[in-house]
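S.K.: Input: one structure, supplied below.
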Amino acid sequence: MKEVELLIIGSGPAGLCAAISAASSGARVLILERSFRPGGQLIKQTHMFFGSEAQYASHRGVDIADILLDKVRALGDRIEIMLNTTAVAFYEDNVVTALKDEKEYFKIKAKSIVCATGAFEKSLAFPNNDLPGIYGAGAVQTLMNVYGVKPGDRVLMVGAGNIGVIVSYQLMQAGIQVVAVLDAAPRIGAYLVHASKLARMGVPILTSHTVKEAIGTDCIEAAVVCEVDEKFQPIPGTETRYDVDVLCISVGLSPLNELLAMRGVEMKYVPQLSGSVPMRTETCETCIPGVFVAGDASGIEEASSAMVEGYLAGLCAAAKLGHVPEDFEARKQDYLKQLEDLRSGPVGDRIRAGMKLTQL
Amino acid sequence: MDENTIICRCSDVTLKEIRDLIAQGYVTYDEIKRITRIGMGPCQGKTCGQLVLREIANATGQSMADLKFHNIRPPVVGVPLHLIAEEAKKNEE
(Lines give C-alpha, C1' and ligand atoms only; values in the text may rest on other atoms or scores of the structure.)
Protein backbone atom coordinates (compact mmCIF):
# COMPACT_ATOMS: atom_id res chain seq x y z
CA MET A 1 0.00 0.00 0.00
CA LYS A 2 1.27 3.43 -0.98
CA GLU A 3 1.08 5.95 1.86
CA VAL A 4 0.81 9.66 1.15
CA GLU A 5 0.22 12.80 3.11
CA LEU A 6 -2.18 14.53 0.71
CA LEU A 7 -3.84 12.78 -2.19
CA ILE A 8 -5.35 14.92 -4.94
CA ILE A 9 -7.62 13.23 -7.44
CA GLY A 10 -7.54 15.05 -10.75
CA SER A 11 -4.92 17.35 -12.29
CA GLY A 12 -7.20 19.94 -13.86
CA PRO A 13 -7.11 23.58 -12.77
CA ALA A 14 -8.50 22.76 -9.30
CA GLY A 15 -6.23 19.78 -8.66
CA LEU A 16 -3.03 21.49 -9.84
CA CYS A 17 -3.71 24.61 -7.79
CA ALA A 18 -4.52 22.51 -4.72
CA ALA A 19 -1.19 20.71 -5.17
CA ILE A 20 0.78 23.94 -5.62
CA SER A 21 -0.85 25.49 -2.59
CA ALA A 22 -0.40 22.48 -0.31
CA ALA A 23 3.16 21.69 -1.40
CA SER A 24 4.21 25.34 -0.98
CA SER A 25 3.13 24.99 2.64
CA GLY A 26 5.33 21.92 2.98
CA ALA A 27 2.91 19.02 2.37
CA ARG A 28 3.89 16.02 0.27
CA VAL A 29 1.37 15.53 -2.47
CA LEU A 30 0.38 12.73 -4.83
CA ILE A 31 -1.86 13.61 -7.78
CA LEU A 32 -3.76 10.94 -9.69
CA GLU A 33 -4.60 11.82 -13.30
CA ARG A 34 -6.55 9.41 -15.44
CA SER A 35 -5.33 10.95 -18.71
CA PHE A 36 -1.88 10.58 -20.28
CA ARG A 37 -1.30 14.30 -19.87
CA PRO A 38 -1.86 16.56 -16.85
CA GLY A 39 -3.98 19.72 -17.02
CA GLY A 40 -7.54 18.40 -17.22
CA GLN A 41 -9.73 20.25 -19.70
CA LEU A 42 -7.32 23.21 -19.82
CA ILE A 43 -5.16 21.40 -22.37
CA LYS A 44 -7.83 21.62 -25.06
CA GLN A 45 -8.83 25.24 -24.46
CA THR A 46 -7.25 27.19 -27.30
CA HIS A 47 -9.23 30.36 -26.57
CA MET A 48 -8.26 33.15 -24.20
CA PHE A 49 -9.89 33.15 -20.79
CA PHE A 50 -11.80 35.95 -19.13
CA GLY A 51 -11.75 36.68 -15.42
CA SER A 52 -9.13 38.56 -13.52
CA GLU A 53 -5.34 38.82 -13.64
CA ALA A 54 -4.96 36.51 -10.66
CA GLN A 55 -6.47 33.64 -12.68
CA TYR A 56 -4.42 34.36 -15.83
CA ALA A 57 -7.14 36.16 -17.78
CA SER A 58 -6.26 36.79 -21.45
CA HIS A 59 -4.12 33.63 -21.49
CA ARG A 60 -5.21 30.60 -23.48
CA GLY A 61 -6.32 27.66 -21.36
CA VAL A 62 -3.61 25.40 -22.74
CA ASP A 63 -0.98 27.98 -21.72
CA ILE A 64 -2.49 28.24 -18.23
CA ALA A 65 -1.93 24.48 -17.88
CA ASP A 66 1.75 25.04 -18.72
CA ILE A 67 2.05 27.92 -16.23
CA LEU A 68 0.56 25.75 -13.47
CA LEU A 69 2.71 22.74 -14.40
CA ASP A 70 5.85 24.92 -14.23
CA LYS A 71 4.84 25.86 -10.70
CA VAL A 72 4.33 22.19 -9.88
CA ARG A 73 7.80 21.32 -11.23
CA ALA A 74 9.35 24.15 -9.22
CA LEU A 75 8.15 22.41 -6.06
CA GLY A 76 10.33 19.43 -6.93
CA ASP A 77 9.70 16.06 -5.35
CA ARG A 78 7.05 17.40 -3.01
CA ILE A 79 4.52 16.76 -5.79
CA GLU A 80 4.28 13.47 -7.65
CA ILE A 81 1.87 13.13 -10.57
CA MET A 82 0.78 9.64 -11.61
CA LEU A 83 -0.60 9.71 -15.15
CA ASN A 84 -2.91 7.16 -16.78
CA THR A 85 -4.15 6.45 -13.29
CA THR A 86 -7.83 6.35 -12.39
CA ALA A 87 -9.10 6.51 -8.81
CA VAL A 88 -11.46 3.54 -8.69
CA ALA A 89 -12.86 3.61 -5.18
CA PHE A 90 -12.76 5.60 -1.95
CA TYR A 91 -13.30 3.70 1.31
CA GLU A 92 -14.13 4.57 4.93
CA ASP A 93 -10.53 4.32 6.16
CA ASN A 94 -9.42 6.94 3.57
CA VAL A 95 -8.01 4.22 1.36
CA VAL A 96 -8.32 4.99 -2.33
CA THR A 97 -7.75 2.27 -4.88
CA ALA A 98 -6.27 3.15 -8.24
CA LEU A 99 -5.87 1.56 -11.65
CA LYS A 100 -2.68 2.53 -13.51
CA ASP A 101 -2.13 1.86 -17.23
CA GLU A 102 -5.00 -0.62 -16.95
CA LYS A 103 -2.54 -3.18 -15.62
CA GLU A 104 -1.65 -2.18 -12.05
CA TYR A 105 -4.23 -2.02 -9.28
CA PHE A 106 -3.15 -0.77 -5.88
CA LYS A 107 -4.20 0.93 -2.66
CA ILE A 108 -3.27 4.40 -1.51
CA LYS A 109 -3.69 5.46 2.10
CA ALA A 110 -3.94 9.22 2.46
CA LYS A 111 -4.03 11.42 5.54
CA SER A 112 -6.05 13.99 3.63
CA ILE A 113 -7.75 14.09 0.24
CA VAL A 114 -8.79 16.74 -2.25
CA CYS A 115 -11.32 15.48 -4.77
CA ALA A 116 -10.90 17.55 -7.95
CA THR A 117 -12.50 15.17 -10.40
CA GLY A 118 -14.24 17.75 -12.61
CA ALA A 119 -17.39 17.15 -14.59
CA PHE A 120 -19.20 14.94 -17.06
CA GLU A 121 -21.13 16.02 -20.16
CA LYS A 122 -24.90 15.83 -19.93
CA SER A 123 -26.72 13.90 -22.62
CA LEU A 124 -29.94 14.60 -24.45
CA ALA A 125 -32.88 12.33 -25.32
CA PHE A 126 -34.09 12.42 -28.93
CA PRO A 127 -34.84 9.72 -31.49
CA ASN A 128 -31.76 7.97 -32.90
CA ASN A 129 -29.49 9.72 -30.41
CA ASP A 130 -27.18 6.69 -30.46
CA LEU A 131 -26.13 7.01 -34.11
CA PRO A 132 -22.37 7.23 -34.67
CA GLY A 133 -21.44 10.86 -35.37
CA ILE A 134 -23.34 12.16 -32.35
CA TYR A 135 -20.87 13.43 -29.77
CA GLY A 136 -20.61 15.54 -26.68
CA ALA A 137 -19.17 18.93 -27.64
CA GLY A 138 -16.37 18.43 -25.14
CA ALA A 139 -15.50 15.11 -26.75
CA VAL A 140 -15.24 16.78 -30.15
CA GLN A 141 -13.02 19.47 -28.66
CA THR A 142 -10.76 16.75 -27.24
CA LEU A 143 -10.64 14.93 -30.58
CA MET A 144 -9.68 18.11 -32.43
CA ASN A 145 -7.44 19.97 -30.02
CA VAL A 146 -5.74 17.14 -28.14
CA TYR A 147 -5.57 14.36 -30.73
CA GLY A 148 -5.68 16.41 -33.95
CA VAL A 149 -8.57 14.37 -35.32
CA LYS A 150 -11.18 16.00 -37.55
CA PRO A 151 -14.59 14.77 -36.38
CA GLY A 152 -16.40 15.31 -39.69
CA ASP A 153 -17.25 17.91 -42.32
CA ARG A 154 -20.63 19.38 -41.41
CA VAL A 155 -21.65 19.92 -37.81
CA LEU A 156 -24.85 20.86 -36.05
CA MET A 157 -24.25 22.16 -32.53
CA VAL A 158 -27.01 21.67 -29.95
CA GLY A 159 -26.49 24.17 -27.15
CA ALA A 160 -25.49 27.85 -27.31
CA GLY A 161 -23.77 28.08 -23.94
CA ASN A 162 -20.07 28.90 -23.75
CA ILE A 163 -18.89 25.38 -24.56
CA GLY A 164 -21.22 25.00 -27.57
CA VAL A 165 -20.31 28.37 -29.00
CA ILE A 166 -16.56 28.13 -28.33
CA VAL A 167 -16.31 24.60 -29.77
CA SER A 168 -18.31 25.75 -32.82
CA TYR A 169 -15.81 28.55 -33.39
CA GLN A 170 -12.89 26.15 -33.00
CA LEU A 171 -14.52 23.76 -35.49
CA MET A 172 -14.73 26.63 -38.00
CA GLN A 173 -11.07 27.47 -37.29
CA ALA A 174 -10.24 23.85 -38.15
CA GLY A 175 -11.99 24.26 -41.50
CA ILE A 176 -15.12 22.34 -40.52
CA GLN A 177 -18.49 23.82 -41.43
CA VAL A 178 -20.91 24.48 -38.58
CA VAL A 179 -24.35 24.65 -40.21
CA ALA A 180 -26.12 26.05 -37.15
CA VAL A 181 -26.00 26.36 -33.40
CA LEU A 182 -29.30 25.93 -31.63
CA ASP A 183 -30.56 26.26 -28.09
CA ALA A 184 -33.95 25.55 -26.52
CA ALA A 185 -33.60 28.65 -24.36
CA PRO A 186 -34.94 31.93 -25.75
CA ARG A 187 -31.54 33.58 -25.28
CA ILE A 188 -27.92 32.73 -26.07
CA GLY A 189 -26.23 31.46 -22.92
CA ALA A 190 -22.66 32.10 -24.07
CA TYR A 191 -20.75 35.32 -23.47
CA LEU A 192 -21.54 37.86 -26.19
CA VAL A 193 -17.89 38.05 -27.29
CA HIS A 194 -17.84 34.34 -28.20
CA ALA A 195 -21.30 34.36 -29.79
CA SER A 196 -20.47 37.46 -31.85
CA LYS A 197 -17.34 35.86 -33.30
CA LEU A 198 -19.47 32.98 -34.53
CA ALA A 199 -22.20 35.24 -35.87
CA ARG A 200 -19.60 37.26 -37.80
CA MET A 201 -18.51 34.05 -39.53
CA GLY A 202 -22.09 33.62 -40.72
CA VAL A 203 -23.12 30.75 -38.45
CA PRO A 204 -26.81 31.05 -37.52
CA ILE A 205 -27.56 30.80 -33.80
CA LEU A 206 -31.15 29.61 -33.44
CA THR A 207 -32.67 30.26 -30.03
CA SER A 208 -35.94 28.53 -28.95
CA HIS A 209 -35.00 25.57 -31.14
CA THR A 210 -34.37 21.93 -30.34
CA VAL A 211 -33.31 18.80 -32.16
CA LYS A 212 -36.36 16.70 -33.00
CA GLU A 213 -34.58 13.65 -34.34
CA ALA A 214 -31.43 12.38 -35.96
CA ILE A 215 -31.67 10.53 -39.27
CA GLY A 216 -29.32 7.86 -40.60
CA THR A 217 -28.72 4.13 -40.88
CA ASP A 218 -25.09 3.35 -40.05
CA CYS A 219 -24.21 6.87 -38.95
CA ILE A 220 -25.89 10.25 -38.73
CA GLU A 221 -26.82 11.70 -42.13
CA ALA A 222 -29.15 14.52 -41.11
CA ALA A 223 -30.87 16.12 -38.16
CA VAL A 224 -34.35 17.61 -37.96
CA VAL A 225 -34.63 20.77 -35.93
CA CYS A 226 -37.81 22.53 -34.79
CA GLU A 227 -38.89 25.58 -32.84
CA VAL A 228 -40.10 25.26 -29.25
CA ASP A 229 -42.65 27.35 -27.37
CA GLU A 230 -42.06 29.05 -24.03
CA LYS A 231 -42.69 25.71 -22.28
CA PHE A 232 -40.00 24.09 -24.45
CA GLN A 233 -42.61 22.06 -26.34
CA PRO A 234 -41.99 21.51 -30.08
CA ILE A 235 -44.13 23.66 -32.40
CA PRO A 236 -45.54 21.48 -35.23
CA GLY A 237 -44.82 22.66 -38.76
CA THR A 238 -41.54 24.42 -37.87
CA GLU A 239 -39.24 21.52 -38.80
CA THR A 240 -36.05 22.15 -40.77
CA ARG A 241 -33.68 19.44 -41.95
CA TYR A 242 -29.90 19.85 -41.87
CA ASP A 243 -27.67 17.38 -43.68
CA VAL A 244 -24.77 16.79 -41.29
CA ASP A 245 -22.28 14.07 -40.43
CA VAL A 246 -21.68 15.31 -36.88
CA LEU A 247 -24.09 16.43 -34.21
CA CYS A 248 -22.59 17.89 -31.05
CA ILE A 249 -24.49 17.93 -27.79
CA SER A 250 -23.58 20.77 -25.47
CA VAL A 251 -26.40 20.95 -22.96
CA GLY A 252 -24.32 21.41 -19.86
CA LEU A 253 -22.12 19.48 -17.46
CA SER A 254 -22.80 17.48 -14.31
CA PRO A 255 -20.42 17.54 -11.36
CA LEU A 256 -18.39 14.32 -11.24
CA ASN A 257 -18.09 13.31 -7.60
CA GLU A 258 -19.11 9.69 -7.28
CA LEU A 259 -15.98 8.96 -5.19
CA LEU A 260 -17.21 11.38 -2.52
CA ALA A 261 -20.71 9.91 -2.65
CA MET A 262 -19.39 6.36 -2.11
CA ARG A 263 -17.21 7.60 0.78
CA GLY A 264 -20.39 8.73 2.54
CA VAL A 265 -19.99 12.47 2.09
CA GLU A 266 -23.31 14.28 2.54
CA MET A 267 -24.58 15.22 -0.93
CA LYS A 268 -27.39 17.43 -2.16
CA TYR A 269 -29.02 18.03 -5.53
CA VAL A 270 -28.52 21.72 -6.29
CA PRO A 271 -29.88 22.76 -9.70
CA GLN A 272 -27.89 26.01 -9.66
CA LEU A 273 -24.69 23.94 -9.53
CA SER A 274 -25.97 21.52 -12.20
CA GLY A 275 -26.37 18.35 -10.17
CA SER A 276 -25.64 16.47 -6.98
CA VAL A 277 -22.84 18.15 -5.03
CA PRO A 278 -21.13 17.67 -1.67
CA MET A 279 -22.09 19.83 1.29
CA ARG A 280 -18.99 21.68 2.50
CA THR A 281 -17.55 24.44 4.64
CA GLU A 282 -16.40 27.75 3.18
CA THR A 283 -12.90 26.25 3.00
CA CYS A 284 -14.09 23.38 0.76
CA GLU A 285 -14.04 20.67 3.47
CA THR A 286 -16.85 18.10 3.34
CA CYS A 287 -18.67 16.63 6.34
CA ILE A 288 -15.81 14.12 6.63
CA PRO A 289 -12.80 15.85 8.22
CA GLY A 290 -9.78 15.94 5.92
CA VAL A 291 -11.84 15.26 2.79
CA PHE A 292 -11.97 18.33 0.56
CA VAL A 293 -13.56 19.11 -2.80
CA ALA A 294 -12.61 21.73 -5.39
CA GLY A 295 -13.56 22.75 -8.91
CA ASP A 296 -16.42 21.43 -11.01
CA ALA A 297 -16.77 18.36 -8.76
CA SER A 298 -18.27 20.76 -6.21
CA GLY A 299 -20.60 22.44 -8.74
CA ILE A 300 -20.25 23.61 -12.33
CA GLU A 301 -18.48 26.96 -12.61
CA GLU A 302 -15.51 28.18 -14.59
CA ALA A 303 -11.82 27.33 -14.62
CA SER A 304 -11.04 30.58 -12.79
CA SER A 305 -13.10 29.68 -9.73
CA ALA A 306 -11.84 26.09 -9.92
CA MET A 307 -8.28 27.41 -9.59
CA VAL A 308 -9.10 29.57 -6.57
CA GLU A 309 -11.05 26.75 -4.90
CA GLY A 310 -8.03 24.54 -5.54
CA TYR A 311 -5.64 26.99 -3.89
CA LEU A 312 -8.03 27.35 -0.94
CA ALA A 313 -8.60 23.61 -0.49
CA GLY A 314 -4.88 22.87 -0.79
CA LEU A 315 -3.97 25.57 1.72
CA CYS A 316 -6.53 24.36 4.26
CA ALA A 317 -5.87 20.65 3.73
CA ALA A 318 -2.14 21.20 4.30
CA ALA A 319 -2.84 23.34 7.37
CA LYS A 320 -4.88 20.55 8.93
CA LEU A 321 -1.89 18.26 8.42
CA GLY A 322 0.26 20.70 10.40
CA HIS A 323 1.71 22.69 7.51
CA VAL A 324 0.53 26.17 8.43
CA PRO A 325 2.31 28.96 6.59
CA GLU A 326 2.87 32.28 8.38
CA ASP A 327 0.48 34.09 6.08
CA PHE A 328 -2.22 31.39 6.35
CA GLU A 329 -5.06 33.65 7.46
CA ALA A 330 -4.24 36.39 4.94
CA ARG A 331 -4.09 33.90 2.09
CA LYS A 332 -7.31 32.20 3.14
CA GLN A 333 -9.10 35.54 3.26
CA ASP A 334 -7.61 36.50 -0.12
CA TYR A 335 -8.90 33.32 -1.78
CA LEU A 336 -12.35 33.78 -0.23
CA LYS A 337 -12.39 37.36 -1.51
CA GLN A 338 -11.33 36.23 -5.00
CA LEU A 339 -14.15 33.68 -5.07
CA GLU A 340 -16.62 36.32 -3.94
CA ASP A 341 -15.43 38.62 -6.75
CA LEU A 342 -15.63 35.88 -9.39
CA ARG A 343 -19.19 35.09 -8.29
CA SER A 344 -20.31 38.72 -8.08
CA GLY A 345 -22.72 40.50 -10.40
CA PRO A 346 -25.80 39.17 -12.17
CA VAL A 347 -23.88 36.32 -13.85
CA GLY A 348 -22.96 34.99 -10.42
CA ASP A 349 -26.52 35.11 -9.02
CA ARG A 350 -27.18 31.46 -9.73
CA ILE A 351 -23.85 30.29 -8.35
CA ARG A 352 -24.23 32.36 -5.18
CA ALA A 353 -27.72 30.95 -4.62
CA GLY A 354 -26.37 27.43 -5.17
CA MET A 355 -23.42 27.95 -2.84
CA LYS A 356 -25.72 29.00 -0.01
CA LEU A 357 -27.52 25.65 -0.26
CA THR A 358 -24.29 23.68 0.07
CA GLN A 359 -22.83 25.28 3.18
CA LEU A 360 -22.25 23.05 6.18
CA MET B 1 -40.49 7.69 -31.73
CA ASP B 2 -39.65 6.99 -28.08
CA GLU B 3 -38.53 3.46 -28.94
CA ASN B 4 -35.60 4.92 -30.87
CA THR B 5 -34.54 7.32 -28.14
CA ILE B 6 -31.74 5.82 -26.08
CA ILE B 7 -31.61 6.84 -22.44
CA CYS B 8 -29.03 4.31 -21.28
CA ARG B 9 -26.20 3.92 -23.78
CA CYS B 10 -24.55 1.16 -21.76
CA SER B 11 -27.53 -1.24 -21.83
CA ASP B 12 -29.56 0.20 -24.74
CA VAL B 13 -32.58 1.10 -22.63
CA THR B 14 -35.04 3.32 -24.48
CA LEU B 15 -37.21 6.24 -23.44
CA LYS B 16 -40.27 4.10 -24.25
CA GLU B 17 -39.18 1.39 -21.80
CA ILE B 18 -38.59 4.00 -19.09
CA ARG B 19 -41.95 5.70 -19.68
CA ASP B 20 -43.80 2.36 -19.76
CA LEU B 21 -42.27 1.37 -16.42
CA ILE B 22 -43.11 4.72 -14.84
CA ALA B 23 -46.69 4.31 -16.12
CA GLN B 24 -46.79 0.90 -14.41
CA GLY B 25 -45.84 2.54 -11.12
CA TYR B 26 -42.09 2.03 -10.99
CA VAL B 27 -41.26 5.56 -9.96
CA THR B 28 -37.83 5.22 -8.33
CA TYR B 29 -34.46 5.00 -10.02
CA ASP B 30 -33.65 1.82 -8.09
CA GLU B 31 -36.77 -0.02 -9.26
CA ILE B 32 -36.13 0.92 -12.87
CA LYS B 33 -32.50 -0.12 -12.44
CA ARG B 34 -33.43 -3.56 -11.11
CA ILE B 35 -35.72 -4.21 -14.05
CA THR B 36 -33.65 -2.73 -16.91
CA ARG B 37 -30.00 -2.78 -15.61
CA ILE B 38 -29.95 0.97 -16.20
CA GLY B 39 -27.02 2.55 -14.35
CA MET B 40 -25.19 -0.78 -14.07
CA GLY B 41 -23.02 -0.47 -17.19
CA PRO B 42 -19.60 1.11 -17.69
CA CYS B 43 -20.84 4.67 -17.03
CA GLN B 44 -22.59 3.66 -13.77
CA GLY B 45 -25.50 6.02 -14.39
CA LYS B 46 -23.54 9.16 -15.23
CA THR B 47 -25.22 9.47 -18.64
CA CYS B 48 -28.73 8.25 -17.89
CA GLY B 49 -29.13 9.32 -14.26
CA GLN B 50 -30.43 12.84 -14.71
CA LEU B 51 -32.51 11.85 -17.77
CA VAL B 52 -34.33 9.11 -15.85
CA LEU B 53 -34.83 11.28 -12.76
CA ARG B 54 -36.21 14.05 -14.99
CA GLU B 55 -38.73 11.60 -16.50
CA ILE B 56 -39.79 10.47 -13.02
CA ALA B 57 -40.06 14.10 -11.87
CA ASN B 58 -42.19 15.06 -14.88
CA ALA B 59 -44.48 12.06 -14.44
CA THR B 60 -44.98 12.33 -10.68
CA GLY B 61 -44.77 16.09 -10.14
CA GLN B 62 -41.88 15.68 -7.69
CA SER B 63 -38.88 17.96 -7.83
CA MET B 64 -35.49 16.61 -8.89
CA ALA B 65 -34.10 17.46 -5.45
CA ASP B 66 -36.60 15.10 -3.80
CA LEU B 67 -35.72 12.12 -5.97
CA LYS B 68 -33.12 9.58 -4.98
CA PHE B 69 -30.41 8.35 -7.34
CA HIS B 70 -28.94 4.90 -6.70
CA ASN B 71 -26.31 4.24 -4.05
CA ILE B 72 -22.88 4.72 -5.54
CA ARG B 73 -20.52 1.83 -4.94
CA PRO B 74 -17.04 0.87 -6.08
CA PRO B 75 -15.59 0.47 -8.65
CA VAL B 76 -16.20 3.54 -10.81
CA VAL B 77 -14.49 1.93 -13.80
CA GLY B 78 -13.98 -1.68 -14.81
CA VAL B 79 -11.00 -3.40 -13.16
CA PRO B 80 -9.73 -6.81 -14.35
CA LEU B 81 -10.45 -9.34 -11.60
CA HIS B 82 -6.94 -10.81 -11.72
CA LEU B 83 -5.52 -7.41 -10.75
CA ILE B 84 -7.78 -7.27 -7.71
CA ALA B 85 -6.76 -10.82 -6.80
CA GLU B 86 -3.05 -9.97 -7.12
CA GLU B 87 -3.40 -6.89 -4.91
CA ALA B 88 -5.32 -8.93 -2.30
CA LYS B 89 -2.53 -11.55 -2.28
CA LYS B 90 0.07 -8.85 -1.56
CA ASN B 91 -1.80 -7.97 1.61
CA GLU B 92 -1.69 -11.58 2.81
CA GLU B 93 2.09 -11.78 2.47
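Simple scheme: letters A, B, ... for chains in C-alpha coordinates order, numbers from 1 for residues in each chain, numbers from 1 for ligands in the order shown.
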Using only C-alpha atoms and a cut-off of 9 Å, which residues of chain A sit close to chain B? Please list them as a count of residues only.

M.R.: 40

S.K.: Just list as a list in words whatever in chain B DSSP marks as strand (DSSP E).

M.R.: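 These are the residues in question: Ile6, Ile7, Cys8, Val13 and Thr14 of chain B.
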
S.K.: Got time to write the residues from that selection, N, CA and C atoms, as a PDB file, in the first residue's frame?

M.R.:
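Wrote selection-v1.pdb, looks like this:
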ATOM      1  N   ILE B   6     -32.511   6.576 -27.073  1.00  0.00           N
ATOM      2  CA  ILE B   6     -31.742   5.820 -26.082  1.00  0.00           C
ATOM      3  C   ILE B   6     -31.500   6.690 -24.840  1.00  0.00           C
ATOM      4  N   ILE B   7     -31.882   6.155 -23.698  1.00  0.00           N
ATOM      5  CA  ILE B   7     -31.609   6.844 -22.436  1.00  0.00           C
ATOM      6  C   ILE B   7     -30.335   6.286 -21.809  1.00  0.00           C
ATOM      7  N   CYS B   8     -30.204   4.971 -21.851  1.00  0.00           N
ATOM      8  CA  CYS B   8     -29.026   4.312 -21.282  1.00  0.00           C
ATOM      9  C   CYS B   8     -28.195   3.737 -22.417  1.00  0.00           C
ATOM     10  N   VAL B  13     -31.221   0.966 -23.157  1.00  0.00           N
ATOM     11  CA  VAL B  13     -32.584   1.105 -22.626  1.00  0.00           C
ATOM     12  C   VAL B  13     -33.203   2.356 -23.254  1.00  0.00           C
ATOM     13  N   THR B  14     -34.431   2.215 -23.743  1.00  0.00           N
ATOM     14  CA  THR B  14     -35.036   3.323 -24.483  1.00  0.00           C
ATOM     15  C   THR B  14     -35.961   4.164 -23.600  1.00  0.00           C
TER      16      THR B  14
END

S.K.: So that I can check the secondary structure, give me every residue of range 132-213 of chain A assigned alpha helix (DSSP H) by backbone DSSP, as a PyMOL selection string.

M.R.: chain A and resi 137-145+162-173+192-200

S.K.: Based on the selection just made, write N, CA and C atoms of those residues as a CSV table (one decimal), in the first residue's frame.

M.R.:
chain,number,residue,atom,x,y,z
A,137,ALA,N,-20.0,17.9,-27.1
A,137,ALA,CA,-19.2,18.9,-27.6
A,137,ALA,C,-17.8,18.9,-27.1
A,138,GLY,N,-17.7,18.5,-25.8
A,138,GLY,CA,-16.4,18.4,-25.1
A,138,GLY,C,-15.5,17.3,-25.8
A,139,ALA,N,-16.2,16.2,-26.1
A,139,ALA,CA,-15.5,15.1,-26.8
A,139,ALA,C,-14.9,15.5,-28.1
A,140,VAL,N,-15.7,16.3,-28.8
A,140,VAL,CA,-15.2,16.8,-30.2
A,140,VAL,C,-14.1,17.7,-30.0
A,141,GLN,N,-14.1,18.5,-28.9
A,141,GLN,CA,-13.0,19.5,-28.7
A,141,GLN,C,-11.7,18.7,-28.3
A,142,THR,N,-11.9,17.6,-27.6
A,142,THR,CA,-10.8,16.8,-27.2
A,142,THR,C,-10.2,16.1,-28.5
A,143,LEU,N,-11.1,15.6,-29.3
A,143,LEU,CA,-10.6,14.9,-30.6
A,143,LEU,C,-9.8,15.9,-31.4
A,144,MET,N,-10.3,17.1,-31.6
A,144,MET,CA,-9.7,18.1,-32.4
A,144,MET,C,-8.4,18.6,-31.8
A,145,ASN,N,-8.5,19.2,-30.6
A,145,ASN,CA,-7.4,20.0,-30.0
A,145,ASN,C,-6.4,19.2,-29.3
A,162,ASN,N,-21.5,28.6,-23.4
A,162,ASN,CA,-20.1,28.9,-23.8
A,162,ASN,C,-19.4,27.7,-24.5
A,163,ILE,N,-19.6,26.5,-23.9
A,163,ILE,CA,-18.9,25.4,-24.6
A,163,ILE,C,-19.4,25.2,-26.0
A,164,GLY,N,-20.7,25.2,-26.2
A,164,GLY,CA,-21.2,25.0,-27.6
A,164,GLY,C,-20.7,26.0,-28.5
A,165,VAL,N,-20.7,27.3,-28.1
A,165,VAL,CA,-20.3,28.4,-29.0
A,165,VAL,C,-18.8,28.4,-29.2
A,166,ILE,N,-18.0,28.1,-28.2
A,166,ILE,CA,-16.6,28.1,-28.3
A,166,ILE,C,-16.1,27.0,-29.2
A,167,VAL,N,-16.7,25.8,-29.0
A,167,VAL,CA,-16.3,24.6,-29.8
A,167,VAL,C,-16.7,24.8,-31.2
A,168,SER,N,-17.9,25.5,-31.4
A,168,SER,CA,-18.3,25.8,-32.8
A,168,SER,C,-17.3,26.6,-33.5
A,169,TYR,N,-16.8,27.6,-32.8
A,169,TYR,CA,-15.8,28.5,-33.4
A,169,TYR,C,-14.5,27.8,-33.7
A,170,GLN,N,-14.1,26.9,-32.8
A,170,GLN,CA,-12.9,26.2,-33.0
A,170,GLN,C,-13.0,25.2,-34.1
A,171,LEU,N,-14.3,24.6,-34.3
A,171,LEU,CA,-14.5,23.8,-35.5
A,171,LEU,C,-14.3,24.6,-36.8
A,172,MET,N,-14.9,25.8,-36.8
A,172,MET,CA,-14.7,26.6,-38.0
A,172,MET,C,-13.2,26.9,-38.2
A,173,GLN,N,-12.5,27.2,-37.1
A,173,GLN,CA,-11.1,27.5,-37.3
A,173,GLN,C,-10.3,26.3,-37.9
A,192,LEU,N,-21.3,37.2,-24.9
A,192,LEU,CA,-21.5,37.9,-26.2
A,192,LEU,C,-20.3,37.8,-27.1
A,193,VAL,N,-19.1,38.0,-26.5
A,193,VAL,CA,-17.9,38.0,-27.3
A,193,VAL,C,-17.8,36.8,-28.1
A,194,HIS,N,-18.0,35.6,-27.5
A,194,HIS,CA,-17.8,34.3,-28.2
A,194,HIS,C,-18.9,34.2,-29.3
A,195,ALA,N,-20.2,34.5,-28.9
A,195,ALA,CA,-21.3,34.4,-29.8
A,195,ALA,C,-21.1,35.3,-31.0
A,196,SER,N,-20.6,36.5,-30.8
A,196,SER,CA,-20.5,37.5,-31.8
A,196,SER,C,-19.5,37.0,-32.9
A,197,LYS,N,-18.4,36.4,-32.4
A,197,LYS,CA,-17.3,35.9,-33.3
A,197,LYS,C,-17.9,34.9,-34.3
A,198,LEU,N,-18.8,34.0,-33.7
A,198,LEU,CA,-19.5,33.0,-34.5
A,198,LEU,C,-20.5,33.6,-35.5
A,199,ALA,N,-21.2,34.6,-35.0
A,199,ALA,CA,-22.2,35.2,-35.9
A,199,ALA,C,-21.5,35.9,-37.0
A,200,ARG,N,-20.3,36.6,-36.7
A,200,ARG,CA,-19.6,37.3,-37.8
A,200,ARG,C,-19.1,36.3,-38.9
